[in-house]
Amino acid sequence: MRNRWLLALLVAGIVTFGQAAESRDTTSGSDEAEYAGDVSLANKLYAEENYQQALEEYKNSRIEAADTMNLGVIEYNRGNAEYRLERYKEAIESYKEAALISNDSLLRSKALFGQGNALYNIALSEAPEKKAEAIKTLEAGAALYKSAYKLDTSNSDTLYNLEYVKSEIKRLKAELEQEQQQQQQQNQQNQQNQQDQQNQQDQQNQQDQQNQQNQQNQQNQQNQQNQQNQQNQQNQQNQQDQQNQQNQQNQQDQQNQQNQQNQQNQQNQQNQQDQQNQQNQQNQQNQQNQQNQQNQQNQQNQQRLQELQQEQEQLKDKSENLQQNPSELAQQQEKLQEKTEQLRKDLQEQSRKDNGQEAQKQQEAAQRLEEAERKQEQASDDLKQDKREAAANAQQEAADKLQEALEALGADKSETKPDEEAGEQNSKGAGAEAMEDNNSAAANAVQAGELSEEEVNERRVGDILRREQEDNDRRRKYRLSGMKEVDKDW
């Protein structure tokens with residue numbers, strides 16, 4: 001009676017993988033459920049497909065099981081209920097427990113068979129994403145099918161499932177290999193794409209680097225220029241900073257020496273300032289001296305111009321007497337030669353001092369001077385040949401050329417008429433006073449930077465020539481009015 005009950009509790013798992021490859025398990029109840037536990041109730045609930053309640057009853061029945069045979073059957077039925085509830089990992093543990101507890105080879109074969117089915121279902125859930133893990137799971141299931149078949153060689157379902165699992169393993173391996181190849185190709189393609197992108201990026205980076213280098217070179221050139229401009233100031237600042245750092249570093253031990261050094265530096269600066277002031281004063285004095293020399297030269301030129309003009313008047317007034325008096329004519333010729341020689345020396349000295357802007361005036365003056373010398377030579381020859389009238393005329397022409405030479409050295413004359421009611425002496429005094437005022441104003445303009453020395457000199461020469469023109473006009477007026485004028489001698 002008891003064996004029949006055990007056989008009634010044994011659940012046969014029949015698996016057909018043609019459609020869904022799920023196990024087809026049947027559980028038959030016993031009309032003679034004499035065992036103390038409610039196993040019959042669990043089997044009934046199982047048959048009614050109330051697997052959760054059946055599982056609870058199997059758990060309760062396991063506590064009341066008296067021997068390993070009954071316990072193995074309960075664990076096996078419990079595994080079937082967990083299998084139906086798709087709790088495959090729990091079902092595997094129940095099947096393992098049943099195989100370990102039971103000594104019945106048929107029950108152990110069914111427990112191993114159930115483990116294989118549970119592993120197969122686990123492999124199905126793993127296969128889409130984890131083919132390698134699914135293959136290992138199926139290989140474990142195939143090993144269980146082999147073990148189950150060894151215990152029950154009459155179960156053809158075991159061989160069927162074993163072959164089916166092997167085919168699944170082969171299929172998954174082929175798919176896995178294909179996926180691996182595709183993944184490898186994809187990786188190679190990705191690597192190629194990455195390489196292409198890297199090459200493009202490298203080219204772009206090289207271009208960017210070149211552009212940056214060009215910009216950097218331009219910036220460096222600008223920076224070098226700026227650094228060069230700042231270098232002198234920076235060097236001075238660095239020297240001062242180094243001196244200050246040195247002074248600070250030795251401040252505690254060399255305070256007195258530093259104070260002395262500061263005093264010495266102040267004294268040196270004062271000395272330098274004094275030297276600079278002296279140099280400035282010396283430069284101003286030199287400029288004043290040069291100005292005075294120029295004024296003296298202009299005055300001398302004016303004096304010579306006046307003398308030449310007086311000589312011209314004398315030559316005109318005394319032309320008849322000179323023609324009758326050979327000794328006076330010779331004396332007059334000697335004076336003209338002396339004046340010519342002196343003017344030649346002055347012209348050479350002024351040519352040495354003046355700058356290039358006065359070269360044209362000096363050249364014109366030199367040309368007039370040469371013409372005066374030729375006229376003097378002609379006058380000398382005429383005197384030797386006792387041609388008194390020709391000699392007097394040549395002397396007059398020589399005097400005219402000397403006057404033109406002096407005028408060439410000065411500025412252009414501006415003709416202004418003197419006051420006809422003023423006397424000669426008052427006109428000369430007023431002209432001298434005006435010239436002094438002009439000289440003072442010109443000197444102030446030079447110091448203020450409004451006029452150059454050349455412009456000032458030209459104004460002064462112009463003043464001198466205007467005075468001479470006034471004197472000539474005044475003399476001419478006196479001669480026309482019948483007044484006599486005392487000419488100065490050479």
# chains A, B, ... in the order shown; residues from 1 in each chain; ligands from 1
>>> residues_around(residues="Gln115 in chain A", least_positions_apart="6", cutoff="8 Å", atoms="only C-alpha atoms", output="count of residues only")
6
>>> residues_around(residues="Met69 in chain A", least_positions_apart="3", cutoff="8 Å", atoms="only C-alpha atoms", output="list in words")
Gly72, Val73, Ile101, Ser102, Asn103 and Asp104 of chain A
>>> write_last_selection(atoms="C-alpha atoms", output="PDB file, in the first residue's frame")
ATOM      1  CA  GLY A  72      12.825  12.899  -1.861  1.00  0.00           C
ATOM      2  CA  VAL A  73       9.370  12.627  -3.456  1.00  0.00           C
ATOM      3  CA  ILE A 101      18.167  12.389  -0.634  1.00  0.00           C
ATOM      4  CA  SER A 102      16.540   9.613  -2.646  1.00  0.00           C
ATOM      5  CA  ASN A 103      18.078   6.243  -3.249  1.00  0.00           C
ATOM      6  CA  ASP A 104      15.626   5.432  -5.984  1.00  0.00           C
TER       7      ASP A 104
END
>>> atom_distance(atom1="CA of Gln224 in chain A", atom2="CA of Asp208 in chain A")
23.1 Å
>>> residues_around(residues="Ser380 in chain A", least_positions_apart="3", cutoff="12 Å", atoms="only C-alpha atoms", output="PyMOL selection string")
chain A and resi 326+329-334+336-337+373-377+383-388+390-395+398
>>> write_last_selection(atoms="C-alpha atoms", output="PDB file, in the first residue's frame")
ATOM      1  CA  PRO A 326      98.005 159.495 -60.618  1.00  0.00           C
ATOM      2  CA  LEU A 329      94.541 157.038 -58.112  1.00  0.00           C
ATOM      3  CA  ALA A 330      97.242 154.480 -57.211  1.00  0.00           C
ATOM      4  CA  GLN A 331      96.543 154.986 -53.502  1.00  0.00           C
ATOM      5  CA  GLN A 332      92.866 154.404 -54.167  1.00  0.00           C
ATOM      6  CA  GLN A 333      93.731 151.238 -56.124  1.00  0.00           C
ATOM      7  CA  GLU A 334      95.807 149.960 -53.180  1.00  0.00           C
ATOM      8  CA  LEU A 336      90.543 148.644 -53.069  1.00  0.00           C
ATOM      9  CA  GLN A 337      92.954 145.715 -53.217  1.00  0.00           C
ATOM     10  CA  GLU A 373      89.514 141.301 -58.486  1.00  0.00           C
ATOM     11  CA  ARG A 374      89.534 141.209 -62.272  1.00  0.00           C
ATOM     12  CA  LYS A 375      88.434 144.861 -62.403  1.00  0.00           C
ATOM     13  CA  GLN A 376      91.176 145.755 -59.944  1.00  0.00           C
ATOM     14  CA  GLU A 377      93.748 143.966 -62.109  1.00  0.00           C
ATOM     15  CA  LEU A 383      97.488 152.786 -64.236  1.00  0.00           C
ATOM     16  CA  LYS A 384     100.713 151.303 -65.541  1.00  0.00           C
ATOM     17  CA  GLN A 385      99.751 152.455 -69.019  1.00  0.00           C
ATOM     18  CA  ASP A 386      98.739 155.912 -67.635  1.00  0.00           C
ATOM     19  CA  LYS A 387      95.106 155.356 -68.661  1.00  0.00           C
ATOM     20  CA  ARG A 388      93.696 157.325 -65.755  1.00  0.00           C
ATOM     21  CA  ALA A 390      89.921 153.810 -67.663  1.00  0.00           C
ATOM     22  CA  ALA A 391      91.610 153.035 -64.303  1.00  0.00           C
ATOM     23  CA  ALA A 392      89.093 155.219 -62.428  1.00  0.00           C
ATOM     24  CA  ASN A 393      86.200 153.506 -64.206  1.00  0.00           C
ATOM     25  CA  ALA A 394      87.662 150.047 -63.469  1.00  0.00           C
ATOM     26  CA  GLN A 395      88.029 150.989 -59.803  1.00  0.00           C
ATOM     27  CA  ALA A 398      85.460 146.944 -58.749  1.00  0.00           C
TER      28      ALA A 398
END
>>> closest_residue(among="A:Ile74, A:Ser156, A:Gln230, A:Glu370", to="Asn60 in chain A", atoms="only C-alpha atoms")
A:Ile74
